[in-house]
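Colleague: My file is run04.tsv. It has TSV, C-alpha atoms and all ligand atoms:
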chain	number	residue	atom	x	y	z
Q	297	MET	CA	14.35	-18.68	8.11
Q	298	ASN	CA	16.86	-16.98	5.79
Q	299	GLN	CA	18.57	-13.85	7.05
Q	300	PRO	CA	16.35	-10.83	6.50
Q	301	VAL	CA	17.49	-8.33	3.92
Q	302	LEU	CA	16.31	-5.42	6.04
Q	303	ALA	CA	15.82	-5.59	9.80
Q	304	THR	CA	15.28	-3.27	12.71
Q	305	ASP	CA	16.43	-3.89	16.25
Q	306	ASN	CA	14.38	-2.21	18.99
Q	307	LEU	CA	13.98	0.77	16.71
Q	308	SER	CA	12.20	3.89	17.94
Q	309	VAL	CA	11.52	6.63	15.41
Q	310	GLY	CA	10.44	10.21	15.96
Q	311	TYR	CA	11.66	13.74	16.35
Q	312	HIS	CA	14.23	15.53	18.45
Q	313	GLN	CA	12.80	18.55	20.14
Q	314	ARG	CA	14.27	21.54	21.89
Q	315	ARG	CA	16.33	21.14	25.09
Q	316	GLY	CA	17.56	17.71	24.05
Q	317	GLN	CA	14.13	16.11	24.42
Q	318	SER	CA	12.74	13.71	21.87
Q	319	ARG	CA	9.27	12.59	20.89
Q	320	SER	CA	9.05	9.06	19.63
Q	321	VAL	CA	6.25	8.24	17.20
Q	322	LEU	CA	6.83	4.46	16.92
Q	323	GLN	CA	8.68	2.39	19.50
Q	324	ASN	CA	10.51	-0.90	19.97
Q	325	LEU	CA	10.14	-2.06	16.40
Q	326	ASN	CA	11.65	-5.40	15.44
Q	327	LEU	CA	10.76	-5.60	11.78
Q	328	SER	CA	12.20	-7.88	9.16
Q	329	LEU	CA	11.92	-7.97	5.42
Q	330	ALA	CA	12.81	-11.11	3.48
Q	331	LYS	CA	14.36	-11.36	0.02
Q	332	GLY	CA	11.73	-11.00	-2.70
Q	333	GLU	CA	9.02	-10.01	-0.24
Q	334	PHE	CA	6.38	-7.38	-1.03
Q	335	VAL	CA	5.21	-5.60	2.13
Q	336	CYS	CA	2.56	-2.89	2.44
Q	337	LEU	CA	2.82	-0.47	5.36
Q	338	LEU	CA	-0.65	0.57	6.49
Q	339	GLY	CA	-1.83	2.95	9.16
Q	340	ALA	CA	-4.10	5.91	9.81
Q	341	ASN	CA	-3.09	9.47	8.91
Q	342	GLY	CA	-0.33	10.69	11.21
Q	343	ALA	CA	0.39	7.16	12.48
Q	344	GLY	CA	4.08	7.45	11.60
Q	345	LYS	CA	4.51	5.71	8.23
Q	346	SER	CA	6.57	8.48	6.61
Q	347	THR	CA	8.64	8.91	9.77
Q	348	LEU	CA	9.45	5.20	9.69
Q	349	ILE	CA	10.27	5.30	5.97
Q	350	ARG	CA	12.60	8.26	6.45
Q	351	THR	CA	14.35	6.38	9.27
Q	352	LEU	CA	14.62	3.11	7.33
Q	353	THR	CA	16.16	4.98	4.43
Q	354	HIS	CA	18.68	6.88	6.59
Q	355	MET	CA	17.13	10.29	5.88
Q	356	GLN	CA	16.38	10.69	9.55
Q	357	ALA	CA	18.27	9.35	12.59
Q	358	PRO	CA	16.48	6.89	14.89
Q	359	ILE	CA	15.58	7.99	18.42
Q	360	SER	CA	17.08	4.66	19.52
Q	361	GLY	CA	17.78	1.19	18.14
Q	362	SER	CA	19.14	0.41	14.72
Q	363	VAL	CA	18.38	-0.56	11.13
Q	364	THR	CA	20.48	-3.10	9.26
Q	365	ILE	CA	20.56	-3.95	5.60
Q	366	ASN	CA	22.13	-7.30	4.77
Q	367	GLN	CA	23.38	-7.37	8.37
Q	368	GLN	CA	25.18	-4.03	8.06
Q	369	PRO	CA	24.02	-1.11	10.19
Q	370	LEU	CA	22.89	1.74	7.91
Q	371	HIS	CA	25.14	4.25	9.61
Q	372	HIS	CA	28.22	2.14	8.76
Q	373	LEU	CA	27.56	2.53	5.04
Q	374	SER	CA	28.79	5.38	2.86
Q	375	LYS	CA	26.22	7.20	0.73
Q	376	ALA	CA	27.26	5.28	-2.39
Q	377	GLN	CA	27.30	1.92	-0.56
Q	378	LEU	CA	23.82	2.60	0.79
Q	379	ALA	CA	22.54	3.61	-2.66
Q	380	LYS	CA	23.68	0.25	-4.04
Q	381	GLN	CA	21.62	-1.55	-1.39
Q	382	LEU	CA	18.58	0.65	-1.00
Q	383	SER	CA	16.52	2.88	-3.27
Q	384	VAL	CA	13.72	5.23	-2.30
Q	385	VAL	CA	10.68	6.63	-4.10
Q	386	LEU	CA	9.03	9.44	-2.13
Q	387	THR	CA	5.48	10.77	-2.06
Q	388	ASP	CA	6.08	14.30	-3.24
Q	389	ARG	CA	4.53	15.14	-6.56
Q	390	LEU	CA	7.37	14.48	-8.91
Q	391	GLN	CA	9.40	17.52	-9.87
Q	392	VAL	CA	8.79	18.04	-13.54
Q	393	SER	CA	11.87	18.64	-15.60
Q	394	ASN	CA	12.99	18.54	-19.18
Q	395	LEU	CA	14.95	15.31	-18.76
Q	396	THR	CA	13.89	12.39	-20.91
Q	397	GLY	CA	12.78	9.14	-19.27
Q	398	TYR	CA	16.10	7.55	-20.29
Q	399	GLU	CA	18.12	10.38	-18.74
Q	400	LEU	CA	16.18	10.17	-15.50
Q	401	VAL	CA	16.60	6.40	-15.21
Q	402	SER	CA	20.32	6.85	-15.96
Q	403	LEU	CA	20.58	8.90	-12.75
Q	404	GLY	CA	19.90	5.65	-10.91
Q	405	ARG	CA	23.37	4.49	-12.02
Q	406	MET	CA	25.13	7.33	-10.14
Q	407	PRO	CA	26.37	5.11	-7.29
Q	408	TYR	CA	28.22	3.03	-9.90
Q	409	THR	CA	29.60	5.67	-12.25
Q	410	ASN	CA	32.83	7.64	-12.19
Q	411	LEU	CA	33.23	11.26	-11.06
Q	412	PHE	CA	31.87	12.54	-14.38
Q	413	GLY	CA	28.83	10.32	-14.20
Q	414	SER	CA	29.58	8.69	-17.56
Q	415	LEU	CA	27.73	5.45	-18.19
Q	416	ASN	CA	29.55	2.40	-19.53
Q	417	GLN	CA	28.00	-0.33	-21.63
Q	418	HIS	CA	26.84	-2.29	-18.58
Q	419	ASP	CA	25.19	0.82	-17.10
Q	420	HIS	CA	23.26	1.37	-20.34
Q	421	GLN	CA	22.21	-2.28	-20.29
Q	422	VAL	CA	20.87	-1.89	-16.74
Q	423	VAL	CA	19.00	1.30	-17.69
Q	424	ARG	CA	17.35	-0.48	-20.61
Q	425	TRP	CA	16.52	-3.44	-18.35
Q	426	ALA	CA	14.96	-1.14	-15.71
Q	427	LEU	CA	12.87	0.59	-18.38
Q	428	HIS	CA	11.72	-2.74	-19.74
Q	429	ALA	CA	11.00	-4.29	-16.32
Q	430	THR	CA	8.69	-1.39	-15.48
Q	431	ASN	CA	6.93	-1.49	-18.88
Q	432	SER	CA	8.42	1.92	-19.61
Q	433	ASP	CA	10.27	1.33	-22.91
Q	434	ASP	CA	7.89	3.77	-24.58
Q	435	LEU	CA	8.82	6.48	-22.06
Q	436	ALA	CA	12.57	6.42	-22.76
Q	437	GLN	CA	12.57	9.32	-25.22
Q	438	ARG	CA	9.63	11.21	-23.72
Q	439	LEU	CA	10.21	14.33	-21.62
Q	440	LEU	CA	9.30	14.05	-17.96
Q	441	ASN	CA	7.21	17.19	-18.06
Q	442	GLU	CA	5.12	15.66	-20.82
Q	443	MET	CA	4.30	12.49	-18.87
Q	444	SER	CA	1.16	11.77	-16.88
Q	445	ASP	CA	1.45	11.21	-13.11
Q	446	GLY	CA	1.17	7.45	-13.64
Q	447	GLU	CA	3.88	7.42	-16.31
Q	448	ARG	CA	6.17	9.55	-14.15
Q	449	GLN	CA	5.65	7.21	-11.22
Q	450	ARG	CA	6.63	4.26	-13.41
Q	451	ILE	CA	9.77	6.04	-14.58
Q	452	MET	CA	10.67	6.93	-10.97
Q	453	ILE	CA	10.38	3.26	-10.08
Q	454	ALA	CA	12.58	2.44	-13.09
Q	455	ARG	CA	15.16	4.95	-11.79
Q	456	ALA	CA	15.06	3.33	-8.35
Q	457	LEU	CA	15.41	-0.10	-9.98
Q	458	ALA	CA	18.43	1.02	-12.03
Q	459	GLN	CA	20.28	1.36	-8.72
Q	460	GLU	CA	20.07	-2.47	-8.59
Q	461	PRO	CA	19.21	-2.31	-4.90
Q	462	ALA	CA	18.38	-5.19	-2.58
Q	463	VAL	CA	15.53	-3.15	-1.08
Q	464	MET	CA	13.18	-0.57	-2.55
Q	465	ILE	CA	11.11	1.59	-0.20
Q	466	LEU	CA	8.26	3.73	-1.51
Q	467	ASP	CA	6.19	6.30	0.36
Q	468	GLU	CA	2.64	6.26	-1.04
Q	469	PRO	CA	3.64	5.70	-4.67
Q	470	THR	CA	-0.01	5.48	-5.69
Q	471	ALA	CA	-1.16	8.67	-3.93
Q	472	PHE	CA	-1.94	10.78	-7.01
Q	473	LEU	CA	-3.09	8.02	-9.33
Q	474	ASP	CA	-6.49	6.85	-10.54
Q	475	LEU	CA	-7.65	3.34	-9.70
Q	476	PRO	CA	-6.34	1.52	-12.82
Q	477	ARG	CA	-2.93	3.19	-12.40
Q	478	ARG	CA	-2.89	2.33	-8.66
Q	479	VAL	CA	-3.56	-1.31	-9.54
Q	480	GLU	CA	-0.89	-1.18	-12.25
Q	481	ILE	CA	1.83	0.24	-9.96
Q	482	THR	CA	0.99	-2.13	-7.10
Q	483	SER	CA	1.04	-5.17	-9.41
Q	484	LEU	CA	4.30	-3.98	-10.95
Q	485	LEU	CA	5.98	-3.74	-7.53
Q	486	ARG	CA	4.69	-7.16	-6.54
Q	487	LYS	CA	5.93	-8.64	-9.81
Q	488	LEU	CA	9.37	-7.03	-9.43
Q	489	ALA	CA	9.64	-8.46	-5.91
Q	490	HIS	CA	8.61	-11.96	-6.92
Q	491	GLU	CA	10.45	-12.14	-10.24
Q	492	THR	CA	13.69	-10.32	-9.45
Q	493	GLY	CA	14.12	-11.01	-5.72
Q	494	LEU	CA	13.91	-7.31	-4.88
Q	495	SER	CA	12.45	-6.70	-1.40
Q	496	VAL	CA	9.81	-3.97	-1.46
Q	497	VAL	CA	8.10	-1.94	1.25
Q	498	MET	CA	5.45	0.54	0.18
Q	499	SER	CA	3.27	2.68	2.40
Q	500	THR	CA	-0.27	3.11	1.21
Q	501	HIS	CA	-3.82	4.04	2.15
Q	502	ASP	CA	-5.15	1.58	-0.45
Q	503	LEU	CA	-6.44	-1.07	1.87
Q	504	ASP	CA	-8.05	-3.22	-0.84
Q	505	LEU	CA	-4.92	-3.26	-2.96
Q	506	ALA	CA	-2.72	-3.99	0.03
Q	507	ILE	CA	-4.92	-6.88	1.14
Q	508	GLY	CA	-5.08	-8.21	-2.42
Q	509	SER	CA	-1.39	-8.05	-3.23
Q	510	ALA	CA	0.98	-7.80	-0.25
Q	511	ASP	CA	2.82	-10.88	1.01
Q	512	ARG	CA	2.73	-9.30	4.45
Q	513	LEU	CA	1.35	-6.15	5.99
Q	514	TRP	CA	3.06	-3.95	8.52
Q	515	LEU	CA	0.19	-2.41	10.46
Q	516	VAL	CA	0.85	0.73	12.46
Q	517	PHE	CA	-1.17	0.95	15.69
Q	518	ASP	CA	-1.98	4.13	17.58
Q	519	ASP	CA	0.09	2.97	20.60
Q	520	GLY	CA	3.21	3.28	18.42
Q	521	SER	CA	3.64	-0.44	17.75
Q	522	ILE	CA	3.63	-2.29	14.42
Q	523	GLU	CA	2.03	-5.69	13.90
Q	524	CYS	CA	3.20	-7.84	10.98
Q	525	GLY	CA	1.53	-10.75	9.25
Q	526	THR	CA	-0.20	-11.97	6.14
Q	527	PRO	CA	-3.31	-9.94	5.26
Q	528	GLU	CA	-5.47	-13.00	5.94
Q	529	ASP	CA	-4.08	-13.64	9.45
Q	530	LEU	CA	-4.46	-9.97	10.36
Q	531	ILE	CA	-8.06	-9.94	9.13
Q	532	LEU	CA	-9.04	-13.19	10.84
Q	533	ASP	CA	-7.58	-12.32	14.23
Q	534	GLY	CA	-9.12	-8.84	14.21
Q	535	ARG	CA	-5.85	-6.88	14.24
Q	536	LEU	CA	-6.60	-5.13	10.95
Q	537	ALA	CA	-9.96	-3.92	12.26
Q	538	GLN	CA	-8.24	-2.74	15.44
Q	539	THR	CA	-5.77	-0.54	13.57
Q	540	PHE	CA	-8.50	1.82	12.45
Q	541	ARG	CA	-10.83	1.38	15.43
Q	542	LYS	CA	-10.84	5.08	16.30
Q	543	SER	CA	-12.38	6.08	13.01
Q	544	GLN	CA	-16.14	5.70	12.59
Q	545	LEU	CA	-15.59	2.66	10.42
Q	546	GLN	CA	-16.37	-0.99	10.80
Q	547	PHE	CA	-14.17	-3.64	9.24
Q	548	ASP	CA	-16.08	-6.21	7.20
Q	549	GLN	CA	-14.14	-9.44	7.81
Q	550	GLN	CA	-15.89	-11.25	4.98
Q	551	ARG	CA	-15.13	-8.71	2.30
Q	552	GLY	CA	-11.94	-7.31	3.74
Q	553	GLY	CA	-12.95	-3.66	3.61
Q	554	PHE	CA	-14.17	-0.85	5.84
Q	555	ARG	CA	-17.74	0.41	5.99
Q	556	ALA	CA	-19.16	3.46	7.70
Q	557	GLN	CA	-20.75	2.51	11.02
Q	558	THR	CA	-24.46	3.34	10.73
Q	559	GLN	CA	-27.65	2.14	12.37
Q	560	PRO	CA	-29.47	-0.29	10.00
Q	561	ILE	CA	-32.76	1.06	8.64
Q	562	GLY	CA	-34.31	-2.42	8.80
Q	563	GLN	CA	-33.80	-6.13	8.28
Q	564	VAL	CA	-34.30	-8.14	5.11
Q	565	ARG	CA	-33.88	-11.80	4.31
Q	566	LEU	CA	-31.98	-12.71	1.15
Q	567	SER	CA	-32.04	-16.06	-0.65
Q	568	ALA	CA	-29.64	-15.75	-3.55
Q	569	ASN	CA	-26.35	-16.97	-4.84
Q	570	GLY	CA	-23.67	-16.30	-7.45
Q	571	LEU	CA	-22.43	-12.94	-8.59
Q	572	HIS	CA	-25.89	-11.37	-8.72
Q	573	GLY	CA	-26.54	-12.56	-5.17
Q	574	GLN	CA	-23.30	-10.96	-3.95
Q	575	TRP	CA	-24.11	-7.63	-5.58
Q	576	MET	CA	-27.70	-7.73	-4.28
Q	577	GLN	CA	-26.31	-8.12	-0.76
Q	578	HIS	CA	-23.91	-5.26	-1.46
Q	579	ALA	CA	-26.78	-3.02	-2.63
Q	580	LEU	CA	-28.98	-3.88	0.36
Q	581	GLU	CA	-26.19	-3.13	2.84
Q	582	ARG	CA	-25.30	0.07	1.01
Q	583	ALA	CA	-28.94	1.11	1.30
Q	584	GLY	CA	-28.71	0.51	5.07
Q	585	TYR	CA	-30.40	-2.89	5.52
Q	586	HIS	CA	-29.14	-5.60	7.81
Q	587	VAL	CA	-29.12	-8.64	5.55
Q	588	LEU	CA	-29.98	-12.03	7.02
Q	589	ASN	CA	-30.09	-15.36	5.32
Q	590	ALA	CA	-31.64	-17.26	8.22
Q	591	LYS	CA	-35.16	-18.57	7.69
Q	592	GLN	CA	-36.49	-17.51	11.09
Q	593	ALA	CA	-36.40	-13.80	10.40
Q	594	ASP	CA	-39.74	-12.08	10.22
Q	595	CYS	CA	-38.91	-9.45	7.62
Q	596	PRO	CA	-39.21	-8.88	3.86
Q	597	HIS	CA	-37.85	-11.81	1.89
Q	598	ILE	CA	-35.91	-11.19	-1.32
Q	599	GLN	CA	-35.69	-14.27	-3.46
Q	600	GLN	CA	-33.59	-14.73	-6.56
Q	601	LEU	CA	-35.57	-16.35	-9.36
Q	602	GLU	CA	-32.73	-16.35	-11.85
Q	603	ASN	CA	-29.66	-14.15	-12.30
Q	604	ASP	CA	-31.04	-10.59	-12.05
Q	605	CYS	CA	-34.69	-11.59	-11.67
Q	606	TRP	CA	-36.07	-11.18	-8.17
Q	607	GLN	CA	-39.17	-11.50	-6.09
Q	608	VAL	CA	-39.77	-9.43	-2.98
Q	609	GLU	CA	-42.76	-10.84	-1.07
Q	610	HIS	CA	-44.94	-11.49	-4.14
Q	611	GLN	CA	-43.65	-8.60	-6.22
Q	612	PRO	CA	-41.43	-9.51	-9.22
Q	613	CYS	CA	-38.50	-7.14	-9.82
Q	614	ALA	CA	-36.32	-7.00	-12.93
Q	615	ASN	CA	-33.20	-5.56	-11.32
Q	616	ILE	CA	-31.61	-4.39	-8.07
Q	617	ASP	CA	-32.94	-0.87	-8.53
Q	618	GLN	CA	-36.54	-2.16	-8.54
Q	619	VAL	CA	-35.93	-4.28	-5.42
Q	620	LEU	CA	-34.61	-1.24	-3.54
Q	621	ALA	CA	-37.53	0.90	-4.74
Q	622	TYR	CA	-40.07	-1.73	-3.64
Q	623	LEU	CA	-38.44	-2.10	-0.20
Q	624	GLY	CA	-38.46	1.67	0.20
Q	625	ASN	CA	-42.24	1.70	-0.25
Q	626	ILE	CA	-43.10	-1.09	2.20
L	701	LIG	N1	9.23	17.33	11.11
L	701	LIG	C1	8.44	16.93	12.12
L	701	LIG	N2	8.66	17.35	13.38
L	701	LIG	C2	7.89	16.93	14.41
L	701	LIG	N3	6.84	16.09	14.28
L	701	LIG	C3	6.56	15.64	13.03
L	701	LIG	C4	7.33	16.03	11.88
L	701	LIG	N4	6.82	15.42	10.79
L	701	LIG	C5	5.77	14.67	11.22
L	701	LIG	N5	5.61	14.82	12.55
L	701	LIG	C6	4.59	14.15	13.41
L	701	LIG	O1	4.90	12.77	13.48
L	701	LIG	C7	3.69	12.00	13.47
L	701	LIG	C8	3.74	10.98	12.33
L	701	LIG	O2	3.75	11.67	11.08
L	701	LIG	P1	3.96	10.91	9.71
L	701	LIG	O3	4.03	11.94	8.65
L	701	LIG	O4	5.09	9.97	9.85
L	701	LIG	O5	2.60	10.07	9.62
L	701	LIG	P2	2.02	9.23	8.38
L	701	LIG	O6	1.54	7.94	8.91
L	701	LIG	O7	3.00	9.21	7.27
L	701	LIG	O8	0.77	10.14	7.99
L	701	LIG	P3	-0.02	10.30	6.58
L	701	LIG	O9	-0.71	9.00	6.31
L	701	LIG	O10	-0.98	11.39	6.88
L	701	LIG	O11	1.00	10.66	5.54
L	701	LIG	C9	2.55	12.99	13.35
L	701	LIG	O12	2.06	13.24	14.63
L	701	LIG	C10	3.21	14.23	12.78
L	701	LIG	O13	2.55	15.39	13.22
Would you mind writing the structure in this file as structure tokens?

Modeller:
Amino acid sequence: MNQPVLATDNLSVGYHQRRGQSRSVLQNLNLSLAKGEFVCLLGANGAGKSTLIRTLTHMQAPISGSVTINQQPLHHLSKAQLAKQLSVVLTDRLQVSNLTGYELVSLGRMPYTNLFGSLNQHDHQVVRWALHATNSDDLAQRLLNEMSDGERQRIMIARALAQEPAVMILDEPTAFLDLPRRVEITSLLRKLAHETGLSVVMSTHDLDLAIGSADRLWLVFDDGSIECGTPEDLILDGRLAQTFRKSQLQFDQQRGGFRAQTQPIGQVRLSANGLHGQWMQHALERAGYHVLNAKQADCPHIQQLENDCWQVEHQPCANIDQVLAYLGNI
């Protein structure tokens, strides 16, 4: 395997307390991030994601162990050297200001500019490239305080990209966004990783998006460890379900999502296929039924006649709503 771009060696992260004591939140981490890899960091609230991100980005000292970037320990790098290797996008609602998008992205060139911060031709080229790569050309002349949260997040990613780092680390970049914008930002980060060779770690609570787009997940467990793997391996071997086992949720291995753990209100048998069949199953489970497809079950049988045309026992139903209503009256 190629050398990792970012790696941790027996890293423990946490907080120093009074009287020289320390409280570690995550321990003995040996993480590695490859070139061009897109990783999502997942874990329950308070699991330690932000603490890890602050430590990986040198904003907080480790309790023990070390972090290296391109084989160099973080603490050996000057601020400017580190900024050329690593850029950070934090959770906090972005501070609105009267800078234009272009001016903000230009700030990403600070590690490369002279004392006065003047940009040369190459710097301007990189700024324009970063704007373009994040689909933000149209934001260049717009004021930050006139942008939506999604637009501001894109421009913050462009600023981080203008640093031309090897690694970009983002703490919940999709936290304040609606679903289409969350999908847009996640796809953008994945694309940047795969097309430009940037290595990206983003923490998120968007399980579906993480499963659907990350090359690997870093899963934070409540014992302070982190398990790494492809989303599919972590689903199949049950580790993803285990991460959130304390919450009253059940992980659905088939669909790759969590469901509230509830007692089923009854059993039904479903004979259906295709898209309509999938959504019928979804509706039945949402309504609280345990759905079987085995023939032996002695329970109401829902049969698909064609697309959204159903028969429950001998009752024809024209849509899912009618099936649920009929079942409710049996
Ligand atoms: N400044 C601090 N001093 C001491 N303990 C802290 C500090 N900040 C966070 N913690 C504790 O460290 C643990 C991990 O917090 P952290 O914010 O890293 O979790 P998280 O996974 O990012 O949570 P969330 O998903 O809610 O953002 C928590 O128990 C938290 O209370």

Colleague: Around (-32.6, -8.8, -13.4), as given in the file, which residues come within 9 Å? Count all atoms listed in the file and list them as a PyMOL selection string.

Modeller: chain Q and resi 572+602-606+613-616

Colleague: Can you tell me which residues surround Q:Glu609 at a distance of at most 8 Å, considering all atoms listed in the file, apart from same-chain residues fewer than 6 positions away, and format the answer as a list in words?

Modeller: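 The residues that qualify are Pro596, His597 and Ile598 of chain Q.
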
Colleague: Ranking Q:Arg438, Q:His578, Q:Arg405, Q:His501 by minimum distance to ligand LIG 701 (chain L) and counting all atoms listed in the file, which one comes first?

Modeller: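 The closest residue to ligand LIG 701 (chain L) is Q:His501.
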
Colleague: For each of Q:Val301, Q:Asp594, Q:Glu468, Q:Tyr398, take the minimum atom-to-atom distance to ligand LIG 701 (chain L), counting all atoms listed in the file, then give the residue where this is smallest.

Modeller: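 Among the listed residues, Q:Glu468 lies closest to ligand LIG 701 (chain L).
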
Colleague: Mind listing the residues within 6 Å of ligand LIG 701 (chain L), only C-alpha atoms and all ligand atoms counted, as a ChimeraX atom specification?

Modeller: /Q:311,321,340-347

Colleague: Could you work out an axis-aligned bounding box for all listed atoms of stretch 604-615 of chain Q, with 6 Å added on each of the six sides, and give its centre and edge lengths in Å to one decimal, as JSON?

Modeller:
{"center_x": -38.0, "center_y": -8.6, "center_z": -7.0, "size_x": 25.9, "size_y": 18.0, "size_z": 23.9}

Colleague: Mind checking which residues fall within 12 Å of Q:Lys380, counting only C-alpha atoms, ignoring those fewer than 6 positions away in the same chain, and posting them as a PyMOL selection string?

Modeller: chain Q and resi 365-366+373-374+404-409+456-464

Colleague: If you measure from atom CA of Q:Asn324 to atom CA of Q:Leu485, what distance in Å do you get, rounded to one decimal?

Modeller: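 Atom-to-atom, atom CA of Q:Asn324 and atom CA of Q:Leu485 are spaced 28.0 Å apart.
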
Colleague: Atom CA of Q:Leu348 to atom CA of Q:Met498: how many Å, to one decimal?

Modeller: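 Computed distance, atom CA of Q:Leu348 to atom CA of Q:Met498, equals 11.3 Å.
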